[in-house]
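What follows is the content of entry39.txt, which has compact mmCIF, C-alpha atoms:
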```
# COMPACT_ATOMS: atom_id res chain seq x y z
CA MET V 584 23.43 31.93 82.42
CA THR V 585 26.03 31.83 79.65
CA PHE V 586 28.28 29.54 81.68
CA ASN V 587 25.34 27.24 82.44
CA LEU V 588 24.41 27.08 78.74
CA LEU V 589 27.97 26.26 77.71
CA THR V 590 28.19 23.57 80.38
CA ARG V 591 24.99 21.93 79.16
CA THR V 592 26.16 22.14 75.56
CA PHE V 593 29.48 20.46 76.32
CA VAL V 594 27.71 17.75 78.33
CA GLY V 595 25.39 17.12 75.40
CA MET V 596 28.26 16.87 72.93
CA ALA V 597 30.16 14.53 75.26
CA MET V 598 27.11 12.26 75.34
CA LEU V 599 27.00 12.25 71.55
CA PHE V 600 30.63 11.18 71.30
CA LEU V 601 30.07 8.43 73.88
CA ILE V 602 27.05 7.02 72.07
CA LEU V 603 28.83 7.19 68.71
CA THR V 604 31.87 5.40 70.09
CA CYS V 605 29.70 2.55 71.36
CA VAL V 606 27.97 2.22 67.99
CA LEU V 607 31.29 2.23 66.13
CA CYS V 608 32.75 -0.45 68.38
CA ALA V 609 29.75 -2.66 67.65
CA ALA V 610 29.97 -1.96 63.93
CA ALA V 611 33.67 -2.82 63.83
CA GLN V 612 32.86 -6.31 65.12
CA ALA V 613 30.50 -6.99 62.24
CA GLN V 614 31.74 -9.10 59.36
CA ASP V 615 30.48 -6.62 56.77
CA ARG V 616 31.15 -3.20 58.18
CA PRO V 617 28.93 -0.31 57.05
CA ARG V 618 30.43 2.46 54.92
CA TYR V 619 29.64 5.02 57.60
CA VAL V 620 28.07 5.44 60.99
CA SER V 621 26.66 8.79 62.11
CA ILE V 622 24.69 10.39 64.89
CA ILE V 623 22.67 13.59 64.72
CA ALA V 624 21.34 15.46 67.73
CA GLU V 625 18.94 18.39 67.63
CA ASN V 626 18.26 20.35 70.79
CA ASP V 627 17.28 23.84 71.82
CA ILE V 628 20.18 23.95 74.30
CA PHE V 629 22.47 24.23 71.25
CA ALA V 630 20.78 27.53 70.29
CA PRO V 631 21.63 30.90 71.90
CA LYS V 632 18.25 31.39 73.62
CA ALA V 633 18.03 27.82 75.00
CA GLN V 634 14.23 28.08 75.29
CA ASP V 635 13.69 24.40 76.19
CA ARG V 636 10.23 24.18 74.67
CA HIS V 637 8.17 22.70 71.82
CA TYR V 638 10.58 20.62 69.67
CA THR V 639 13.01 20.14 72.53
CA SER V 640 15.08 17.12 71.45
CA GLY V 641 15.79 14.86 68.48
CA LEU V 642 18.33 12.03 68.23
CA ARG V 643 19.03 9.81 65.22
CA LEU V 644 21.60 7.01 64.78
CA ALA V 645 22.31 5.78 61.25
CA TYR V 646 24.58 3.48 59.30
CA GLY V 647 25.04 3.01 55.61
CA LEU V 648 24.57 -0.47 54.23
CA GLN V 649 27.60 -2.10 52.62
CA ASP V 650 25.57 -2.83 49.49
CA GLY V 651 21.88 -2.36 50.11
CA SER V 652 21.02 -3.15 46.49
CA GLN V 653 22.02 -6.78 47.13
CA GLN V 654 19.76 -7.21 50.16
CA PRO V 655 16.21 -8.39 49.37
CA TRP V 656 14.81 -6.74 52.50
CA SER V 657 16.09 -3.30 51.42
CA SER V 658 16.42 -3.36 47.62
CA TRP V 659 12.63 -3.28 47.12
CA LEU V 660 12.66 0.35 48.21
CA GLY V 661 15.22 1.30 45.59
CA ARG V 662 13.09 -0.28 42.86
CA LEU V 663 10.24 2.06 43.83
CA ALA V 664 12.35 5.20 43.37
CA PRO V 665 11.29 7.21 40.28
CA LEU V 666 14.95 7.84 39.35
CA GLN V 667 15.86 4.16 39.64
CA ALA V 668 15.92 3.54 35.86
CA VAL V 669 18.40 6.35 35.13
CA ALA V 670 20.28 6.56 38.43
CA ASP V 671 24.08 6.36 38.44
CA ASN V 672 23.95 4.78 41.89
CA GLN V 673 21.71 4.26 44.90
CA ASN V 674 22.72 4.50 48.55
CA TYR V 675 20.81 2.82 51.35
CA GLU V 676 20.67 3.74 55.02
CA LEU V 677 19.15 2.31 58.20
CA ALA V 678 18.39 4.57 61.15
CA ILE V 679 16.70 4.65 64.53
CA GLY V 680 15.61 7.85 66.25
CA GLN V 681 13.55 9.59 68.87
CA ASN V 682 11.92 13.04 68.99
CA ILE V 683 10.54 14.75 72.10
CA TYR V 684 7.96 17.57 72.17
CA THR V 685 6.74 19.56 75.19
CA PRO V 686 4.82 22.75 75.95
CA GLU V 687 6.72 25.84 77.03
CA PHE V 688 5.65 25.65 80.68
CA PHE V 689 6.70 22.11 81.48
CA ARG V 690 7.22 22.68 85.23
CA THR V 691 3.50 22.52 85.98
CA SER V 692 1.73 19.19 86.42
CA GLY V 693 -1.53 20.53 85.01
CA LEU V 694 -2.66 20.49 81.41
CA VAL V 695 -1.34 23.51 79.49
CA VAL V 696 -4.46 24.10 77.40
CA ASN V 697 -3.09 26.76 75.03
CA ASP V 698 0.20 25.02 74.25
CA ARG V 699 1.20 21.93 72.29
CA PRO V 700 0.88 18.44 73.82
CA TYR V 701 3.63 16.40 75.39
CA ALA V 702 4.71 13.69 72.96
CA GLY V 703 7.51 11.25 72.20
CA TRP V 704 8.19 9.59 68.85
CA LEU V 705 10.36 6.47 68.55
CA TYR V 706 11.01 5.09 65.06
CA GLY V 707 13.05 2.98 62.69
CA GLU V 708 13.80 4.14 59.16
CA LEU V 709 14.93 2.71 55.84
CA SER V 710 15.92 5.17 53.11
CA VAL V 711 17.40 5.13 49.64
CA ASN V 712 19.03 8.04 47.83
CA SER V 713 19.18 7.83 44.03
CA HIS V 714 21.64 9.95 42.06
CA ALA V 715 21.54 11.13 38.46
CA PRO V 716 23.58 13.95 36.92
CA GLY V 717 22.47 17.22 38.47
CA MET V 718 19.81 15.74 40.71
CA GLU V 719 19.14 13.50 43.69
CA GLU V 720 16.03 12.00 45.22
CA GLY V 721 15.34 10.45 48.59
CA LEU V 722 12.68 7.87 49.39
CA VAL V 723 12.04 6.96 53.04
CA VAL V 724 9.87 4.47 54.93
CA ASN V 725 9.52 5.30 58.62
CA LEU V 726 7.74 3.03 61.14
CA GLY V 727 7.47 3.53 64.88
CA THR V 728 5.25 4.61 67.75
CA ILE V 729 4.19 7.69 69.65
CA GLY V 730 2.92 7.87 73.21
CA PRO V 731 4.33 6.36 76.41
CA ALA V 732 5.82 3.47 74.41
CA ALA V 733 8.15 6.00 72.72
CA LEU V 734 9.87 6.63 76.11
CA GLY V 735 9.88 10.40 75.71
CA GLU V 736 9.11 10.98 79.39
CA GLU V 737 11.88 8.71 80.64
CA VAL V 738 14.51 10.13 78.31
CA GLN V 739 13.69 13.79 78.99
CA LYS V 740 13.63 13.31 82.76
CA LEU V 741 16.96 11.47 82.62
CA LEU V 742 18.58 14.22 80.56
CA HIS V 743 17.23 16.93 82.86
CA THR V 744 18.66 15.07 85.84
CA ILE V 745 22.08 14.79 84.18
CA ILE V 746 22.27 18.50 83.30
CA ASN V 747 20.59 19.59 86.56
CA ASP V 748 17.56 21.19 84.90
CA PRO V 749 14.05 21.39 86.42
CA GLU V 750 12.00 18.21 86.11
CA PRO V 751 9.22 18.24 83.50
CA ARG V 752 6.00 17.45 85.39
CA GLY V 753 3.22 17.32 82.81
CA TRP V 754 3.90 14.02 81.04
CA ASP V 755 0.64 12.55 82.39
CA HIS V 756 -1.00 14.59 79.60
CA GLN V 757 1.07 13.21 76.74
CA LEU V 758 -0.44 11.75 73.57
CA GLU V 759 -1.62 8.15 73.78
CA ASN V 760 0.14 5.17 72.22
CA GLU V 761 -0.37 5.00 68.45
CA PRO V 762 1.49 3.25 65.61
CA ALA V 763 3.43 5.77 63.54
CA VAL V 764 3.70 5.44 59.76
CA LEU V 765 5.47 7.96 57.54
CA LEU V 766 6.43 7.90 53.86
CA ARG V 767 8.69 10.66 52.54
CA TYR V 768 9.87 11.69 49.11
CA ARG V 769 12.29 14.48 48.14
CA ARG V 770 13.72 15.60 44.78
CA SER V 771 16.71 17.99 44.70
CA TRP V 772 18.47 19.79 41.84
CA PHE V 773 22.05 21.16 41.90
CA HIS V 774 22.91 24.43 40.14
CA PRO V 775 26.64 25.32 39.95
CA LEU V 776 27.27 29.06 40.35
CA PHE V 777 31.03 29.62 40.32
CA LEU V 778 34.48 28.11 40.76
CA TYR V 779 37.26 30.46 41.83
CA ASP V 780 40.70 29.39 43.07
CA HIS V 781 39.46 26.05 44.47
CA ILE V 782 36.40 27.68 46.07
CA GLN V 783 33.03 26.58 44.70
CA GLY V 784 29.52 27.94 45.02
CA ASP V 785 26.20 26.37 44.10
CA LEU V 786 22.48 26.44 44.74
CA ILE V 787 20.25 23.52 45.67
CA THR V 788 16.52 23.63 44.98
CA ARG V 789 14.26 20.96 46.44
CA VAL V 790 10.66 19.83 46.79
CA GLY V 791 9.29 17.20 49.13
CA LEU V 792 6.19 15.32 50.20
CA SER V 793 5.35 13.49 53.46
CA LEU V 794 2.37 11.17 53.91
CA GLY V 795 1.26 9.44 57.10
CA ASN V 796 -0.52 9.78 60.39
CA ILE V 797 2.57 11.59 61.80
CA PHE V 798 3.09 14.26 59.13
CA THR V 799 1.22 15.02 55.95
CA ASP V 800 2.75 18.02 54.24
CA THR V 801 4.42 19.29 51.11
CA GLY V 802 7.51 21.48 51.11
CA PHE V 803 9.98 23.40 49.01
CA GLY V 804 13.30 25.06 49.73
CA THR V 805 16.64 26.30 48.55
CA VAL V 806 20.20 26.08 49.92
CA PHE V 807 23.16 28.31 49.00
CA ARG V 808 26.56 26.65 49.54
CA ILE V 809 30.19 27.80 49.37
CA GLY V 810 33.14 25.52 50.06
CA SER V 811 36.19 23.60 48.96
CA TYR V 812 34.08 20.62 47.93
CA LEU V 813 30.38 20.55 47.06
CA PRO V 814 29.22 16.99 46.36
CA GLU V 815 25.86 16.46 44.70
CA GLN V 816 24.25 15.59 48.02
CA ASP V 817 21.36 17.52 49.51
CA LEU V 818 22.90 18.74 52.74
CA PRO V 819 22.58 19.10 55.61
CA LEU V 820 20.50 16.31 57.07
CA ARG V 821 17.89 17.38 59.57
CA ILE V 822 15.32 15.36 61.42
CA GLN V 823 11.72 15.66 60.26
CA PRO V 824 9.60 17.64 59.53
CA GLY V 825 10.78 19.36 56.35
CA PRO V 826 12.08 18.43 52.88
CA SER V 827 15.79 18.57 53.84
CA GLY V 828 18.38 15.91 53.05
CA ASN V 829 17.63 12.52 54.55
CA ARG V 830 21.03 10.81 54.71
CA GLY V 831 23.39 11.13 57.67
CA TYR V 832 26.49 11.24 55.50
CA PHE V 833 28.91 13.67 53.88
CA THR V 834 31.34 12.34 51.28
CA VAL V 835 34.89 12.72 52.62
CA ARG V 836 37.74 12.80 50.09
CA LYS V 837 40.84 10.81 51.00
CA GLN V 838 43.78 12.89 52.24
CA GLN V 839 41.71 16.07 52.00
CA PHE V 840 40.34 18.56 54.47
CA ASP V 841 37.06 19.88 53.08
CA TRP V 842 34.75 22.59 54.34
CA MET V 843 31.42 24.08 53.43
CA VAL V 844 29.21 26.89 54.75
CA PHE V 845 25.55 27.19 53.83
CA ALA V 846 22.36 29.15 54.30
CA GLU V 847 18.89 27.87 53.53
CA VAL V 848 15.21 28.67 53.64
CA GLN V 849 12.25 26.34 53.24
CA GLY V 850 8.51 26.32 53.68
CA ARG V 851 5.88 23.66 54.30
CA GLY V 852 2.17 23.50 53.67
CA VAL V 853 0.93 21.35 56.56
CA ALA V 854 -2.19 19.19 56.35
CA ARG V 855 -1.40 17.11 59.45
CA ASN V 856 1.06 17.17 62.33
CA ILE V 857 0.14 14.66 65.02
CA PHE V 858 2.22 16.54 67.58
CA LEU V 859 -0.16 19.48 67.19
CA ASP V 860 -3.38 17.81 65.98
CA GLY V 861 -3.35 15.07 68.62
CA ASN V 862 -4.01 11.35 68.32
CA THR V 863 -5.64 10.02 65.17
CA PHE V 864 -8.00 7.44 66.66
CA THR V 865 -8.57 8.66 70.25
CA ASP V 866 -9.37 11.96 71.95
CA SER V 867 -6.30 13.85 73.15
CA HIS V 868 -5.03 17.34 73.79
CA SER V 869 -4.44 19.39 70.63
CA VAL V 870 -3.91 22.95 69.39
CA ASP V 871 -4.90 24.81 66.23
CA ARG V 872 -2.16 24.07 63.70
CA ASN V 873 -0.87 26.72 61.29
CA LYS V 874 -1.24 25.67 57.67
CA PHE V 875 2.13 27.09 56.58
CA VAL V 876 5.45 26.95 58.46
CA TRP V 877 8.84 28.30 57.40
CA ASP V 878 12.39 27.38 58.47
CA THR V 879 15.66 29.20 57.95
CA ALA V 880 19.10 27.88 58.85
CA THR V 881 22.80 28.57 58.55
CA GLY V 882 25.79 26.41 59.38
CA PHE V 883 28.92 24.58 58.26
CA ILE V 884 30.20 21.10 57.38
CA LEU V 885 33.75 19.79 57.81
CA GLY V 886 35.35 16.64 56.37
CA PHE V 887 38.66 15.23 57.66
CA GLY V 888 39.99 12.82 55.04
CA GLN V 889 43.51 12.70 56.51
CA SER V 890 42.36 10.66 59.52
CA ARG V 891 41.74 6.92 59.52
CA PRO V 892 38.84 6.35 59.59
CA SER V 893 37.68 9.61 58.02
CA ILE V 894 35.51 11.92 60.11
CA PHE V 895 32.80 14.39 59.10
CA PHE V 896 30.97 16.95 61.23
CA SER V 897 28.21 19.48 60.69
CA PHE V 898 26.43 22.07 62.78
CA SER V 899 23.55 24.38 61.95
CA LEU V 900 21.31 26.85 63.74
CA VAL V 901 17.65 26.63 62.77
CA TRP V 902 14.90 29.21 63.20
CA ARG V 903 11.37 27.81 62.83
CA GLY V 904 8.24 29.91 62.36
CA GLU V 905 5.19 29.62 64.58
CA GLU V 906 3.50 26.23 64.20
CA PHE V 907 0.20 26.87 66.03
CA ASP V 908 -2.16 29.76 66.70
CA GLN V 909 -1.27 30.70 70.28
CA GLN V 910 2.45 30.07 70.06
CA ARG V 911 4.53 32.79 71.72
CA GLY V 912 7.15 33.63 69.11
CA ASN V 913 9.36 31.58 66.82
CA ASP V 914 11.49 28.62 67.93
CA SER V 915 15.21 28.01 67.48
CA PHE V 916 17.39 24.95 67.94
CA GLY V 917 20.78 23.61 67.00
CA SER V 918 21.48 20.55 64.88
CA ALA V 919 24.82 18.72 65.25
CA LEU V 920 26.00 15.67 63.30
CA ILE V 921 29.19 13.64 63.62
CA GLY V 922 30.08 10.56 61.61
CA ILE V 923 32.88 8.21 60.62
CA GLN V 924 33.43 6.96 57.07
CA TYR V 925 35.07 3.53 56.70
```

Turn the structure described in the file into structure tokens.
Amino acid sequence: MTFNLLTRTFVGMAMLFLILTCVLCAAAQAQDRPRYVSIIAENDIFAPKAQDRHYTSGLRLAYGLQDGSQQPWSSWLGRLAPLQAVADNQNYELAIGQNIYTPEFFRTSGLVVNDRPYAGWLYGELSVNSHAPGMEEGLVVNLGTIGPAALGEEVQKLLHTIINDPEPRGWDHQLENEPAVLLRYRRSWFHPLFLYDHIQGDLITRVGLSLGNIFTDTGFGTVFRIGSYLPEQDLPLRIQPGPSGNRGYFTVRKQQFDWMVFAEVQGRGVARNIFLDGNTFTDSHSVDRNKFVWDTATGFILGFGQSRPSIFFSFSLVWRGEEFDQQRGNDSFGSALIGIQY
């Protein structure tokens, strides 16, 4: 079992590197290259239990705009940011992503009445992060689709074929096609704790709000960090839901190797989660959603400024509390990010 888990993990990481390489090659051909390109993958095969259930996969590709404030199609978002008037700078990012959700018993072709629905979510995202001394805020517009058009069935079956896992058979019961709209806002504060012999420690506190037919929730959290370099960036990035950082980027200092370890806890009051509540405008399978969900996580971030281009990497293990009434225990998954800074 351990060998099989390690094999699947290495296959998954190899796929990440392959996809990232393709994206970077395309970006290098552009006249105005982005400041960074990154990919984040979240999957339960990266966690020790490898449960392969519920939130089973998330993938997000992102690149930072060369100067988003000069682009009319993106700068409007920065002007809506509450910190815009006092911000030292604003950073823009474009991303595309896909999430996949399944019940625990995915080998049966019948409807699993007491478990969450099958669902895929395919989206595009524009975000802006505004910085002022001691604080940061993120504002995100996310548009996409759920249902068969999100290609969750095709992607999961392909991945299970590649890693020789059993085929999921219940996708006939997935949520129906529906446009997906999500607006997100997060405000974070940075609290320095100590500096000792080039080792720093700080605390991040954050609050967040999501509005849309995908998620409607409000959250809060805190992150404790220790490392050689602690930029005023809310890290690490994780795919929704939750009020975590929303930029796939870690500042890498030139000619420096930087590291960071962290531990965090956050909670969300949930008014809507389409992946539990079901479709908004049509009848579909659903479960009774819990009104409060907690997450805890621990992990590390590395920055390699000696290389050209610079490389950054992060990994975290996440434990998520029960999201619906008849869920059998908490979930866990791993979150891995790799990026290149130009």

Compile the contact shell of stretch 699-716 of chain V as a PyMOL selection string: residues with an atom at most 7 Å away, counting all atoms listed in the file, same-chain residues fewer than 3 positions apart removed.
chain V and resi 660-661+666-667+669-686+719-730+733-735+754+756-758+858-859+868-870

Have a look at atom CA of V:Glu761 and atom CA of V:Asp860 and let me know their distance in Å, one decimal.
13.4 Å

With distances taken over all atoms listed in the file, which residue among V:Pro762, V:Gly852, V:Gly753, V:Pro814 lies nearest V:Ala732?
V:Pro762

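Residue nearest V:Asp635 within the list V:Asn697, V:Glu687, V:Asp650, V:Ala668: V:Glu687 [criterion: smallest interatomic distance, only C-alpha atoms].
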
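Picture a line from atom CA of V:His774 to atom CA of V:Ser918; it runs 25.1 Å.
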
Using all atoms listed in the file, which of V:Gly791, V:Pro665, V:Gly802, V:Gly922 sits nearest V:Thr834?
V:Gly922

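Separating atom CA of V:Val738 from atom CA of V:Arg752 is a distance of 13.3 Å.
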
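Using only C-alpha atoms, the residues found no farther than 6 Å from V:Val901, other than those of its own chain fewer than 2 positions away, are Thr879, Ala880, Ser915 and Phe916 of chain V.
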
List the spatial neighbours of V:Leu818 as a PyMOL selection string - criterion: any atom at most 8 Å away, only C-alpha atoms, same-chain residues fewer than 4 positions off excluded.
chain V and resi 827-828+833

Residues just named, written with C-alpha atoms as a PDB file, keeping the file's coordinate frame:
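Writing the result to again_2.pdb gives the following:
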```pdb
ATOM      1  CA  SER V 827      15.790  18.570  53.840  1.00  0.00           C
ATOM      2  CA  GLY V 828      18.380  15.910  53.050  1.00  0.00           C
ATOM      3  CA  PHE V 833      28.910  13.670  53.880  1.00  0.00           C
TER       4      PHE V 833
END
```

Tell me, as a list in words, which residues lie within 7 Å of stretch 886-888 of chain V, counting all atoms listed in the file; anything in the same chain fewer than 2 positions away does not count.
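Answer for this query is Val835, Arg836, Lys837, Gln838, Gln839, Phe840, Asp841, Trp842, Ile884, Ser890, Ser893, Ile894, Phe895 and Phe896 of chain V.
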
For stretch 627-629 of chain V: contacts at 8 Å, all atoms listed in the file, fewer than 2 positions along chain excluded, given as a list in words
Leu588, Arg591, Thr592, Glu625, Pro631, Lys632, Ala633, Gln634, Asp635, Arg636, Tyr638, Thr639, Ser640, Ser915, Phe916, Gly917 and Ser918 of chain V

Slice of the block: stretch 831-866 of chain V, N, CA and C atoms, as a PDB file, in the first residue's frame:
```
ATOM      1  N   GLY V 831      -0.689  32.745  -6.571  1.00  0.00           N
ATOM      2  CA  GLY V 831       0.219  31.617  -6.717  1.00  0.00           C
ATOM      3  C   GLY V 831       1.657  32.052  -6.849  1.00  0.00           C
ATOM      4  N   TYR V 832       2.169  32.749  -5.824  1.00  0.00           N
ATOM      5  CA  TYR V 832       3.480  33.381  -5.962  1.00  0.00           C
ATOM      6  C   TYR V 832       4.118  33.569  -4.597  1.00  0.00           C
ATOM      7  N   PHE V 833       5.421  33.312  -4.535  1.00  0.00           N
ATOM      8  CA  PHE V 833       6.220  33.577  -3.349  1.00  0.00           C
ATOM      9  C   PHE V 833       7.434  34.391  -3.785  1.00  0.00           C
ATOM     10  N   THR V 834       7.631  35.563  -3.205  1.00  0.00           N
ATOM     11  CA  THR V 834       8.739  36.423  -3.580  1.00  0.00           C
ATOM     12  C   THR V 834      10.071  35.719  -3.324  1.00  0.00           C
ATOM     13  N   VAL V 835      10.883  35.604  -4.372  1.00  0.00           N
ATOM     14  CA  VAL V 835      12.188  34.952  -4.274  1.00  0.00           C
ATOM     15  C   VAL V 835      13.274  36.025  -4.358  1.00  0.00           C
ATOM     16  N   ARG V 836      14.141  36.070  -3.364  1.00  0.00           N
ATOM     17  CA  ARG V 836      15.226  37.048  -3.359  1.00  0.00           C
ATOM     18  C   ARG V 836      16.385  36.548  -4.210  1.00  0.00           C
ATOM     19  N   LYS V 837      16.954  37.455  -5.002  1.00  0.00           N
ATOM     20  CA  LYS V 837      18.060  37.086  -5.877  1.00  0.00           C
ATOM     21  C   LYS V 837      19.253  36.587  -5.069  1.00  0.00           C
ATOM     22  N   GLN V 838      19.859  35.508  -5.565  1.00  0.00           N
ATOM     23  CA  GLN V 838      21.059  34.918  -4.964  1.00  0.00           C
ATOM     24  C   GLN V 838      20.844  34.449  -3.525  1.00  0.00           C
ATOM     25  N   GLN V 839      19.586  34.147  -3.172  1.00  0.00           N
ATOM     26  CA  GLN V 839      19.294  33.695  -1.822  1.00  0.00           C
ATOM     27  C   GLN V 839      18.515  32.380  -1.864  1.00  0.00           C
ATOM     28  N   PHE V 840      18.798  31.529  -0.896  1.00  0.00           N
ATOM     29  CA  PHE V 840      17.944  30.385  -0.636  1.00  0.00           C
ATOM     30  C   PHE V 840      17.107  30.719   0.596  1.00  0.00           C
ATOM     31  N   ASP V 841      15.802  30.752   0.442  1.00  0.00           N
ATOM     32  CA  ASP V 841      14.910  31.098   1.545  1.00  0.00           C
ATOM     33  C   ASP V 841      13.992  29.935   1.863  1.00  0.00           C
ATOM     34  N   TRP V 842      13.629  29.859   3.148  1.00  0.00           N
ATOM     35  CA  TRP V 842      12.748  28.784   3.597  1.00  0.00           C
ATOM     36  C   TRP V 842      11.764  29.328   4.623  1.00  0.00           C
ATOM     37  N   MET V 843      10.682  28.607   4.764  1.00  0.00           N
ATOM     38  CA  MET V 843       9.641  28.986   5.711  1.00  0.00           C
ATOM     39  C   MET V 843       8.859  27.734   6.099  1.00  0.00           C
ATOM     40  N   VAL V 844       8.519  27.600   7.361  1.00  0.00           N
ATOM     41  CA  VAL V 844       7.581  26.568   7.805  1.00  0.00           C
ATOM     42  C   VAL V 844       6.403  27.283   8.471  1.00  0.00           C
ATOM     43  N   PHE V 845       5.245  26.669   8.425  1.00  0.00           N
ATOM     44  CA  PHE V 845       4.050  27.349   8.920  1.00  0.00           C
ATOM     45  C   PHE V 845       3.050  26.344   9.473  1.00  0.00           C
ATOM     46  N   ALA V 846       2.160  26.871  10.288  1.00  0.00           N
ATOM     47  CA  ALA V 846       1.012  26.121  10.784  1.00  0.00           C
ATOM     48  C   ALA V 846      -0.170  27.079  10.823  1.00  0.00           C
ATOM     49  N   GLU V 847      -1.338  26.610  10.471  1.00  0.00           N
ATOM     50  CA  GLU V 847      -2.485  27.509  10.412  1.00  0.00           C
ATOM     51  C   GLU V 847      -3.765  26.806  10.826  1.00  0.00           C
ATOM     52  N   VAL V 848      -4.734  27.632  11.183  1.00  0.00           N
ATOM     53  CA  VAL V 848      -6.080  27.152  11.480  1.00  0.00           C
ATOM     54  C   VAL V 848      -7.059  28.200  10.973  1.00  0.00           C
ATOM     55  N   GLN V 849      -8.165  27.760  10.414  1.00  0.00           N
ATOM     56  CA  GLN V 849      -9.182  28.700   9.958  1.00  0.00           C
ATOM     57  C   GLN V 849     -10.553  28.057  10.039  1.00  0.00           C
ATOM     58  N   GLY V 850     -11.565  28.903  10.105  1.00  0.00           N
ATOM     59  CA  GLY V 850     -12.939  28.439  10.170  1.00  0.00           C
ATOM     60  C   GLY V 850     -13.807  29.213   9.203  1.00  0.00           C
ATOM     61  N   ARG V 851     -14.907  28.598   8.783  1.00  0.00           N
ATOM     62  CA  ARG V 851     -15.827  29.234   7.840  1.00  0.00           C
ATOM     63  C   ARG V 851     -17.265  29.018   8.288  1.00  0.00           C
ATOM     64  N   GLY V 852     -18.026  30.106   8.286  1.00  0.00           N
ATOM     65  CA  GLY V 852     -19.468  29.992   8.415  1.00  0.00           C
ATOM     66  C   GLY V 852     -20.051  29.904   7.013  1.00  0.00           C
ATOM     67  N   VAL V 853     -20.740  28.809   6.706  1.00  0.00           N
ATOM     68  CA  VAL V 853     -21.123  28.495   5.329  1.00  0.00           C
ATOM     69  C   VAL V 853     -22.630  28.682   5.145  1.00  0.00           C
ATOM     70  N   ALA V 854     -22.990  29.592   4.231  1.00  0.00           N
ATOM     71  CA  ALA V 854     -24.389  29.799   3.887  1.00  0.00           C
ATOM     72  C   ALA V 854     -24.777  29.060   2.613  1.00  0.00           C
ATOM     73  N   ARG V 855     -23.779  28.795   1.745  1.00  0.00           N
ATOM     74  CA  ARG V 855     -24.031  28.029   0.523  1.00  0.00           C
ATOM     75  C   ARG V 855     -22.754  27.368   0.048  1.00  0.00           C
ATOM     76  N   ASN V 856     -22.881  26.124  -0.370  1.00  0.00           N
ATOM     77  CA  ASN V 856     -21.822  25.383  -1.040  1.00  0.00           C
ATOM     78  C   ASN V 856     -22.507  24.513  -2.079  1.00  0.00           C
ATOM     79  N   ILE V 857     -22.412  24.896  -3.348  1.00  0.00           N
ATOM     80  CA  ILE V 857     -23.175  24.221  -4.394  1.00  0.00           C
ATOM     81  C   ILE V 857     -22.813  22.747  -4.504  1.00  0.00           C
ATOM     82  N   PHE V 858     -21.600  22.399  -4.075  1.00  0.00           N
ATOM     83  CA  PHE V 858     -21.155  21.014  -4.176  1.00  0.00           C
ATOM     84  C   PHE V 858     -21.746  20.140  -3.075  1.00  0.00           C
ATOM     85  N   LEU V 859     -22.465  20.771  -2.148  1.00  0.00           N
ATOM     86  CA  LEU V 859     -23.238  20.049  -1.142  1.00  0.00           C
ATOM     87  C   LEU V 859     -24.738  20.320  -1.290  1.00  0.00           C
ATOM     88  N   ASP V 860     -25.078  21.581  -1.585  1.00  0.00           N
ATOM     89  CA  ASP V 860     -26.477  22.000  -1.677  1.00  0.00           C
ATOM     90  C   ASP V 860     -27.140  21.613  -2.989  1.00  0.00           C
ATOM     91  N   GLY V 861     -26.335  21.324  -4.024  1.00  0.00           N
ATOM     92  CA  GLY V 861     -26.895  20.977  -5.319  1.00  0.00           C
ATOM     93  C   GLY V 861     -27.145  22.198  -6.185  1.00  0.00           C
ATOM     94  N   ASN V 862     -27.632  21.951  -7.387  1.00  0.00           N
ATOM     95  CA  ASN V 862     -27.847  23.019  -8.365  1.00  0.00           C
ATOM     96  C   ASN V 862     -28.784  24.098  -7.839  1.00  0.00           C
ATOM     97  N   THR V 863     -28.550  25.313  -8.323  1.00  0.00           N
ATOM     98  CA  THR V 863     -29.322  26.468  -7.874  1.00  0.00           C
ATOM     99  C   THR V 863     -30.696  26.525  -8.513  1.00  0.00           C
ATOM    100  N   PHE V 864     -30.780  26.208  -9.816  1.00  0.00           N
ATOM    101  CA  PHE V 864     -32.004  26.447 -10.572  1.00  0.00           C
ATOM    102  C   PHE V 864     -32.725  25.163 -10.978  1.00  0.00           C
ATOM    103  N   THR V 865     -32.124  23.997 -10.760  1.00  0.00           N
ATOM    104  CA  THR V 865     -32.761  22.727 -11.105  1.00  0.00           C
ATOM    105  C   THR V 865     -32.631  21.752  -9.938  1.00  0.00           C
ATOM    106  N   ASP V 866     -33.481  20.734  -9.938  1.00  0.00           N
ATOM    107  CA  ASP V 866     -33.409  19.700  -8.909  1.00  0.00           C
ATOM    108  C   ASP V 866     -32.172  18.837  -9.135  1.00  0.00           C
TER     109      ASP V 866
END
```
